[in-house]
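Have a look at structure_12.cif; it's mmCIF, C-alpha atoms:
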```
data_start
#
loop_
_atom_site.group_PDB
_atom_site.id
_atom_site.type_symbol
_atom_site.label_atom_id
_atom_site.label_comp_id
_atom_site.auth_asym_id
_atom_site.auth_seq_id
_atom_site.Cartn_x
_atom_site.Cartn_y
_atom_site.Cartn_z
ATOM 1 C CA MET A 1 27.874 39.866 -119.072
ATOM 2 C CA VAL A 2 27.048 38.199 -115.733
ATOM 3 C CA GLN A 3 23.372 39.044 -116.190
ATOM 4 C CA GLU A 4 23.480 37.367 -119.577
ATOM 5 C CA VAL A 5 25.174 34.279 -118.104
ATOM 6 C CA VAL A 6 22.466 34.007 -115.431
ATOM 7 C CA THR A 7 19.759 34.433 -118.089
ATOM 8 C CA VAL A 8 21.298 31.614 -120.148
ATOM 9 C CA PHE A 9 21.435 29.354 -117.072
ATOM 10 C CA LEU A 10 17.780 30.147 -116.338
ATOM 11 C CA LEU A 11 16.832 29.319 -119.923
ATOM 12 C CA GLY A 12 18.504 25.957 -119.468
ATOM 13 C CA HIS A 13 16.773 25.452 -116.119
ATOM 14 C CA ILE A 14 13.298 26.172 -117.471
ATOM 15 C CA THR A 15 13.883 23.988 -120.517
ATOM 16 C CA GLY A 16 15.153 21.056 -118.452
ATOM 17 C CA ASP A 17 12.802 21.309 -115.481
ATOM 18 C CA PHE A 18 9.579 22.149 -117.309
ATOM 19 C CA TYR A 19 9.703 21.575 -121.074
ATOM 20 C CA LEU A 20 11.778 18.375 -120.992
ATOM 21 C CA GLN A 21 10.035 17.003 -117.905
ATOM 22 C CA SER A 22 6.573 15.636 -118.579
ATOM 23 C CA SER A 23 3.961 15.069 -115.886
ATOM 24 C CA SER A 24 4.532 11.319 -116.056
ATOM 25 C CA LEU A 25 8.303 11.768 -115.660
ATOM 26 C CA ALA A 26 7.768 14.066 -112.685
ATOM 27 C CA GLU A 27 5.576 11.437 -111.026
ATOM 28 C CA LYS A 28 7.841 8.496 -111.833
ATOM 29 C CA LYS A 29 10.994 10.168 -110.515
ATOM 30 C CA GLU A 30 9.404 10.267 -107.043
ATOM 31 C CA LYS A 31 9.249 6.467 -107.021
ATOM 32 C CA SER A 32 12.239 5.458 -109.135
ATOM 33 C CA GLY A 33 15.870 6.387 -108.606
ATOM 34 C CA LYS A 34 16.637 5.605 -112.253
ATOM 35 C CA THR A 35 13.985 8.058 -113.420
ATOM 36 C CA LEU A 36 15.352 10.712 -111.076
ATOM 37 C CA VAL A 37 18.830 10.209 -112.560
ATOM 38 C CA LEU A 38 17.298 10.368 -116.054
ATOM 39 C CA HIS A 39 15.779 13.734 -115.166
ATOM 40 C CA GLY A 40 19.188 14.872 -113.896
ATOM 41 C CA VAL A 41 20.816 13.857 -117.183
ATOM 42 C CA LEU A 42 18.157 15.637 -119.248
ATOM 43 C CA TYR A 43 18.559 18.703 -117.046
ATOM 44 C CA LEU A 44 22.347 18.701 -117.556
ATOM 45 C CA ILE A 45 21.899 18.321 -121.318
ATOM 46 C CA SER A 46 19.491 21.259 -121.289
ATOM 47 C CA VAL A 47 21.626 23.634 -119.195
ATOM 48 C CA ALA A 48 24.880 22.636 -120.914
ATOM 49 C CA GLY A 49 23.283 22.693 -124.360
ATOM 50 C CA VAL A 50 21.985 26.255 -124.048
ATOM 51 C CA SER A 51 25.280 27.396 -122.508
ATOM 52 C CA ILE A 52 27.379 25.776 -125.263
ATOM 53 C CA ILE A 53 25.255 27.368 -128.002
ATOM 54 C CA VAL A 54 25.775 30.825 -126.489
ATOM 55 C CA PHE A 55 29.227 30.692 -124.868
ATOM 56 C CA GLY A 56 30.830 27.468 -126.064
ATOM 57 C CA THR A 57 32.309 25.108 -123.465
ATOM 58 C CA GLU A 58 33.664 27.837 -121.160
ATOM 59 C CA LEU A 59 30.816 27.455 -118.662
ATOM 60 C CA LEU A 60 30.565 23.680 -118.818
ATOM 61 C CA ILE A 61 31.942 23.139 -115.294
ATOM 62 C CA TRP A 62 29.319 25.543 -113.930
ATOM 63 C CA CYS A 63 26.587 23.648 -115.802
ATOM 64 C CA ILE A 64 27.735 20.383 -114.215
ATOM 65 C CA GLY A 65 27.771 21.955 -110.742
ATOM 66 C CA ILE A 66 24.317 23.524 -111.134
ATOM 67 C CA SER A 67 22.900 20.238 -112.432
ATOM 68 C CA ALA A 68 24.432 18.254 -109.547
ATOM 69 C CA ILE A 69 22.894 20.618 -106.986
ATOM 70 C CA HIS A 70 19.584 20.461 -108.862
ATOM 71 C CA LEU A 71 19.562 16.664 -108.644
ATOM 72 C CA MET A 72 20.425 16.791 -104.925
ATOM 73 C CA LEU A 73 17.603 19.267 -104.218
ATOM 74 C CA ASP A 74 15.134 17.100 -106.118
ATOM 75 C CA PHE A 75 16.216 14.070 -104.093
ATOM 76 C CA ILE A 76 15.729 15.986 -100.817
ATOM 77 C CA LYS A 77 12.301 17.194 -101.982
ATOM 78 C CA ILE A 78 11.230 13.641 -102.779
ATOM 79 C CA CYS A 79 12.408 12.393 -99.362
ATOM 80 C CA VAL A 80 10.476 15.148 -97.569
ATOM 81 C CA LYS A 81 7.373 14.561 -99.672
ATOM 82 C CA ASN A 82 7.448 10.821 -99.055
ATOM 83 C CA LYS A 83 7.744 11.404 -95.316
ATOM 84 C CA PHE A 84 5.170 14.157 -94.828
ATOM 85 C CA GLY A 85 3.137 14.180 -98.051
ATOM 86 C CA SER A 86 0.651 11.520 -96.938
ATOM 87 C CA CYS A 87 -0.578 13.617 -94.016
ATOM 88 C CA GLU A 88 -0.531 17.045 -95.687
ATOM 89 C CA GLY A 89 -1.384 16.143 -99.284
ATOM 90 C CA GLU A 90 -1.702 18.987 -101.786
ATOM 91 C CA LYS A 91 -0.674 21.617 -99.230
ATOM 92 C CA ILE A 92 2.793 20.149 -98.652
ATOM 93 C CA SER A 93 3.153 19.546 -102.410
ATOM 94 C CA ALA A 94 2.618 23.240 -103.130
ATOM 95 C CA TYR A 95 5.070 24.318 -100.419
ATOM 96 C CA LEU A 96 7.681 21.849 -101.632
ATOM 97 C CA TYR A 97 7.250 22.895 -105.255
ATOM 98 C CA LEU A 98 7.681 26.595 -104.452
ATOM 99 C CA THR A 99 10.614 25.971 -102.104
ATOM 100 C CA ASP A 100 12.258 23.666 -104.635
ATOM 101 C CA GLN A 101 12.006 26.205 -107.459
ATOM 102 C CA PHE A 102 13.232 28.998 -105.187
ATOM 103 C CA LEU A 103 16.322 26.980 -104.262
ATOM 104 C CA HIS A 104 17.011 26.072 -107.909
ATOM 105 C CA ILE A 105 16.867 29.732 -108.922
ATOM 106 C CA LEU A 106 18.942 30.709 -105.875
ATOM 107 C CA THR A 107 21.603 28.202 -106.970
ATOM 108 C CA ILE A 108 21.812 29.851 -110.393
ATOM 109 C CA LEU A 109 21.920 33.358 -108.902
ATOM 110 C CA THR A 110 24.681 32.267 -106.523
ATOM 111 C CA ALA A 111 26.651 30.916 -109.470
ATOM 112 C CA GLY A 112 26.238 34.302 -111.131
ATOM 113 C CA VAL A 113 27.523 36.113 -108.029
ATOM 114 C CA VAL A 114 30.599 33.849 -107.816
ATOM 115 C CA ILE A 115 31.303 34.341 -111.531
ATOM 116 C CA ASN A 116 30.990 38.095 -111.032
ATOM 117 C CA ILE A 117 33.411 38.035 -108.096
ATOM 118 C CA GLY A 118 35.869 36.074 -110.204
ATOM 119 C CA ASP A 119 35.622 38.839 -112.820
ATOM 120 C CA GLU A 120 35.621 36.287 -115.622
ATOM 121 C CA THR A 121 34.838 37.367 -119.172
ATOM 122 C CA TYR A 122 32.929 35.063 -121.506
ATOM 123 C CA VAL A 123 32.487 35.672 -125.211
ATOM 124 C CA HIS A 124 29.696 34.581 -127.527
ATOM 125 C CA THR A 125 30.186 31.775 -129.969
ATOM 126 C CA THR A 126 30.701 32.564 -133.646
ATOM 127 C CA PHE A 127 27.076 31.630 -134.356
ATOM 128 C CA ILE A 128 25.682 34.074 -131.768
ATOM 129 C CA ARG A 129 28.028 36.875 -132.879
ATOM 130 C CA LEU A 130 27.044 36.325 -136.502
ATOM 131 C CA LEU A 131 23.360 36.353 -135.565
ATOM 132 C CA ALA A 132 23.762 39.580 -133.562
ATOM 133 C CA ASP A 133 25.752 41.327 -136.294
ATOM 134 C CA SER A 134 23.488 40.216 -139.132
ATOM 135 C CA PHE A 135 20.282 41.471 -137.535
ATOM 136 C CA ASN A 136 21.771 44.149 -135.257
ATOM 137 C CA LEU A 137 20.419 42.405 -132.165
ATOM 138 C CA ASP A 138 20.996 43.071 -128.478
ATOM 139 C CA MET A 139 21.472 39.435 -127.520
ATOM 140 C CA ASN A 140 21.047 40.047 -123.790
ATOM 141 C CA ARG A 141 17.632 41.574 -124.510
ATOM 142 C CA CYS A 142 16.772 38.724 -126.859
ATOM 143 C CA PHE A 143 17.672 36.102 -124.260
ATOM 144 C CA SER A 144 15.633 37.983 -121.629
ATOM 145 C CA MET A 145 12.618 38.141 -123.951
ATOM 146 C CA LEU A 146 12.894 34.428 -124.687
ATOM 147 C CA LEU A 147 13.168 33.666 -120.973
ATOM 148 C CA ALA A 148 10.082 35.768 -120.177
ATOM 149 C CA ILE A 149 8.001 34.157 -122.935
ATOM 150 C CA MET A 150 9.024 30.632 -121.957
ATOM 151 C CA THR A 151 8.300 31.410 -118.289
ATOM 152 C CA VAL A 152 4.751 32.679 -118.785
ATOM 153 C CA ILE A 153 3.834 29.618 -120.854
ATOM 154 C CA LYS A 154 4.585 26.346 -119.058
ATOM 155 C CA PRO A 155 6.245 27.281 -115.723
ATOM 156 C CA CYS A 156 3.457 29.737 -114.888
ATOM 157 C CA SER A 157 0.795 27.211 -115.916
ATOM 158 C CA ILE A 158 2.271 24.557 -113.631
ATOM 159 C CA THR A 159 2.774 27.035 -110.776
ATOM 160 C CA ILE A 160 -0.852 28.170 -110.951
ATOM 161 C CA ARG A 161 -2.102 24.580 -111.074
ATOM 162 C CA VAL A 162 0.003 23.550 -108.063
ATOM 163 C CA ILE A 163 -0.977 26.576 -105.948
ATOM 164 C CA LEU A 164 -4.682 26.254 -106.770
ATOM 165 C CA SER A 165 -4.749 22.475 -106.299
ATOM 166 C CA GLY A 166 -6.073 22.895 -102.775
ATOM 167 C CA TYR A 167 -8.894 25.163 -103.952
ATOM 168 C CA ARG A 168 -10.069 23.126 -106.949
ATOM 169 C CA ILE A 169 -13.820 22.680 -107.303
ATOM 170 C CA ALA A 170 -15.845 20.224 -109.341
ATOM 171 C CA GLU A 171 -17.099 21.459 -112.706
ATOM 172 C CA ASN A 172 -20.773 20.779 -113.380
ATOM 173 C CA THR A 173 -20.618 21.592 -117.073
ATOM 174 C CA ALA A 174 -18.302 20.089 -119.627
ATOM 175 C CA GLY A 175 -16.144 22.416 -121.667
ATOM 176 C CA VAL A 176 -13.655 21.996 -124.454
ATOM 177 C CA LYS A 177 -10.812 19.776 -123.251
ATOM 178 C CA ASN A 178 -7.680 21.749 -122.285
ATOM 179 C CA ALA A 179 -9.300 25.009 -123.459
ATOM 180 C CA GLY A 180 -8.893 26.589 -120.034
ATOM 181 C CA ALA A 181 -5.137 25.978 -119.979
ATOM 182 C CA LEU A 182 -4.720 27.386 -123.493
ATOM 183 C CA ILE A 183 -6.828 30.431 -122.620
ATOM 184 C CA GLY A 184 -4.605 31.047 -119.610
ATOM 185 C CA ILE A 185 -1.438 30.845 -121.729
ATOM 186 C CA LEU A 186 -2.827 33.216 -124.357
ATOM 187 C CA GLU A 187 -3.993 35.579 -121.629
ATOM 188 C CA ARG A 188 -0.526 35.748 -120.061
ATOM 189 C CA LEU A 189 1.200 36.229 -123.430
ATOM 190 C CA ILE A 190 -1.164 39.068 -124.320
ATOM 191 C CA LEU A 191 -0.657 40.707 -120.921
ATOM 192 C CA LEU A 192 3.120 40.440 -121.339
ATOM 193 C CA MET A 193 2.960 42.066 -124.791
ATOM 194 C CA LEU A 194 0.756 44.873 -123.466
ATOM 195 C CA LEU A 195 3.212 45.514 -120.631
ATOM 196 C CA LEU A 196 6.097 45.620 -123.112
ATOM 197 C CA VAL A 197 4.413 48.283 -125.263
ATOM 198 C CA GLY A 198 3.160 50.259 -122.255
ATOM 199 C CA GLN A 199 -0.551 49.708 -122.944
ATOM 200 C CA TYR A 200 -1.482 49.200 -119.311
ATOM 201 C CA GLY A 201 -5.096 50.300 -119.733
ATOM 202 C CA ALA A 202 -5.719 47.611 -122.362
ATOM 203 C CA ILE A 203 -5.000 44.927 -119.777
ATOM 204 C CA GLY A 204 -8.405 45.604 -118.225
ATOM 205 C CA PHE A 205 -10.139 44.850 -121.522
ATOM 206 C CA VAL A 206 -8.382 41.472 -121.784
ATOM 207 C CA LEU A 207 -9.462 40.458 -118.279
ATOM 208 C CA THR A 208 -12.993 41.722 -118.954
ATOM 209 C CA ALA A 209 -13.266 39.703 -122.167
ATOM 210 C CA LYS A 210 -12.191 36.592 -120.276
ATOM 211 C CA SER A 211 -14.766 37.224 -117.548
ATOM 212 C CA VAL A 212 -17.655 37.767 -119.981
ATOM 213 C CA ALA A 213 -17.337 34.184 -121.241
ATOM 214 C CA ARG A 214 -17.796 32.859 -117.699
ATOM 215 C CA TYR A 215 -20.278 35.480 -116.462
ATOM 216 C CA ASN A 216 -23.250 33.139 -116.013
ATOM 217 C CA LYS A 217 -21.162 30.544 -114.217
ATOM 218 C CA ILE A 218 -19.635 33.191 -111.930
ATOM 219 C CA ALA A 219 -23.060 34.668 -111.123
ATOM 220 C CA GLU A 220 -24.675 31.289 -110.404
ATOM 221 C CA ASP A 221 -21.842 29.673 -108.438
ATOM 222 C CA PRO A 222 -20.076 31.849 -105.805
ATOM 223 C CA LYS A 223 -17.459 29.156 -105.175
ATOM 224 C CA PHE A 224 -16.555 29.045 -108.847
ATOM 225 C CA GLY A 225 -16.457 32.858 -108.874
ATOM 226 C CA GLU A 226 -13.919 32.892 -106.040
ATOM 227 C CA TYR A 227 -11.835 30.157 -107.690
ATOM 228 C CA TYR A 228 -11.932 31.979 -111.038
ATOM 229 C CA LEU A 229 -10.943 35.295 -109.443
ATOM 230 C CA LEU A 230 -8.107 33.654 -107.519
ATOM 231 C CA GLY A 231 -6.752 32.042 -110.692
ATOM 232 C CA THR A 232 -7.027 35.257 -112.711
ATOM 233 C CA LEU A 233 -5.300 37.376 -110.070
ATOM 234 C CA LEU A 234 -2.529 34.809 -109.598
ATOM 235 C CA SER A 235 -1.970 34.563 -113.360
ATOM 236 C CA SER A 236 -1.830 38.354 -113.718
ATOM 237 C CA MET A 237 0.504 38.690 -110.727
ATOM 238 C CA LEU A 238 2.940 36.156 -112.214
ATOM 239 C CA VAL A 239 3.059 37.999 -115.540
ATOM 240 C CA ILE A 240 3.750 41.305 -113.779
ATOM 241 C CA ALA A 241 6.462 39.638 -111.678
ATOM 242 C CA VAL A 242 8.090 38.148 -114.803
ATOM 243 C CA TYR A 243 8.008 41.540 -116.526
ATOM 244 C CA MET A 244 9.505 43.385 -113.546
ATOM 245 C CA LEU A 245 12.189 40.804 -112.716
ATOM 246 C CA ILE A 246 13.297 39.847 -116.218
ATOM 247 C CA LEU A 247 12.431 42.612 -118.660
ATOM 248 C CA ASN A 248 12.359 45.802 -116.606
#
```
Spell out the structure here as structure tokens.
Amino acid sequence: MVQEVVTVFLLGHITGDFYLQSSSLAEKKEKSGKTLVLHGVLYLISVAGVSIIVFGTELLIWCIGISAIHLMLDFIKICVKNKFGSCEGEKISAYLYLTDQFLHILTILTAGVVINIGDETYVHTTFIRLLADSFNLDMNRCFSMLLAIMTVIKPCSITIRVILSGYRIAENTAGVKNAGALIGILERLILLMLLLVGQYGAIGFVLTAKSVARYNKIAEDPKFGEYYLLGTLLSSMLVIAVYMLILN
């Protein structure tokens, strides 16, 4: 039950911190206290909303606490970035992003540990029980699958972009707008599905097919080749980590 509670909290976290937070909102909250509070409200709505759908209002106080800590951590991150970001640039941004997400996840895991120590029992809402009974579903597995899929789409895309920001190179040839990001998402979803069905050997074919499309560019530009390889390895590593930590 505690694992399911943590999974539900993480679903709320990813929804509120990635899917309900646009790039413009993320930039504005670093300069405007009102926008930061708006993000905090949206985050609370997300975490509380998912929790209420699954468990009703029993975990509402935990949702408020997690959201308050989230807002505090974001405020601290902004203060640090404003103080040191001008001299370190993209490097400090990547470190702050990774540290910030680690602390957010640690907050949720800590909440799970405290709930486990308290030996509290939470029951599904009528809607979730009806859904599970009607389709004979293991809801914990369903929530874990949903969490994994949502993670490899937007959170992984943003994480890869932030980490590789310091290695970005100029493109000499124009491609289809946003095609690279969509290719990356499809690649990670396919890799996740192959891991789920145990077709590990097929993963090599997916990566090969992706490389064939960029073969000339890789062969002609060593810098692009290194950047491409770094992005591919990082993307694959994140999918494997998601599979091992959430679904295995």
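For the choices A:Thr151, A:Thr57, A:Ser67, A:Ser211, the atom-to-atom distance to A:Ile14 is smallest for A:Thr151 when using all atoms listed in the file.
For the file at hand, the PyMOL selection byres ((chain A and resi 233-238) around 9) resolves to Val152, Cys156, Ser157, Ile160, Gly184, Glu187, Arg188, Leu191, Tyr228, Leu229, Leu230, Gly231, Thr232, Val239, Ile240, Ala241, Val242 and Tyr243 of chain A.
The space separating atom CA of A:Pro155 from atom CA of A:Leu11 comes to 11.6 Å.
The residues returned by the PyMOL selection byres ((chain A and resi 63) around 8) for this structure are Phe9, Leu44, Val47, Ala48, Ser51, Leu59, Leu60, Ile61, Trp62, Ile64, Gly65, Ile66 and Ser67 of chain A.
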Original post:
Using all atoms listed in the file, can you list as an MDAnalysis selection string the residues within 12 Å of (-8.4, 43.5, -121.9)?
Top reply: chainID A and resid 186:188 190:195 199:212 236
**OP:** Tell me, as a count of residues only, which residues lie within 9 Å of stretch 116-118 of chain A, counting only C-alpha atoms; anything in the same chain fewer than 5 positions away does not count.
**Re:** 3
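Taking atom CA of A:Lys28 and atom CA of A:Ser93 as the two end points, the separation is 15.3 Å.
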Step by step, gather every atom of stretch 57-65 of chain A that the file lists, find the box along x, y and z that holds them, add 5 Å on each side, and finally give centre and edge lengths in Å to one decimal, as JSON.
```
{"center_x": 30.1, "center_y": 24.1, "center_z": -117.1, "size_x": 17.1, "size_y": 17.5, "size_z": 22.7}
```
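Excluding A:Leu73 and any residue on its chain fewer than 4 positions from it, the residues at most 7 Å away by only C-alpha atoms are A:Ile69, A:Lys77, A:Asp100.
Reported to one decimal place, the separation of atom CA of A:Tyr167 from atom CA of A:Ile105 is 26.6 Å.
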Original post:
With only C-alpha atoms as the basis for distance, which of A:Ala213, A:Leu247, A:Leu38, A:Ile92 is at the shortest distance from A:Leu196?
Top reply: A:Leu247
Subject >> Selected residue of minimal separation from A:Leu71 among A:Leu36, A:Ala26, A:Val113, A:Ile153, counting all atoms listed in the file >> reply: A:Leu36
Original post:
Written as a list in words, which residues does the PyMOL selection byres ((chain A and resi 122) around 9) give for the file shown?
Top reply: Met1, Val2, Val5, Phe55, Glu58, Leu59, Glu120, Thr121, Val123 and His124 of chain A
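Shortest atom-to-atom contact with A:Val6 among A:Leu109, A:Ile128, A:Ala68, A:Ile76: A:Leu109, counting all atoms listed in the file.
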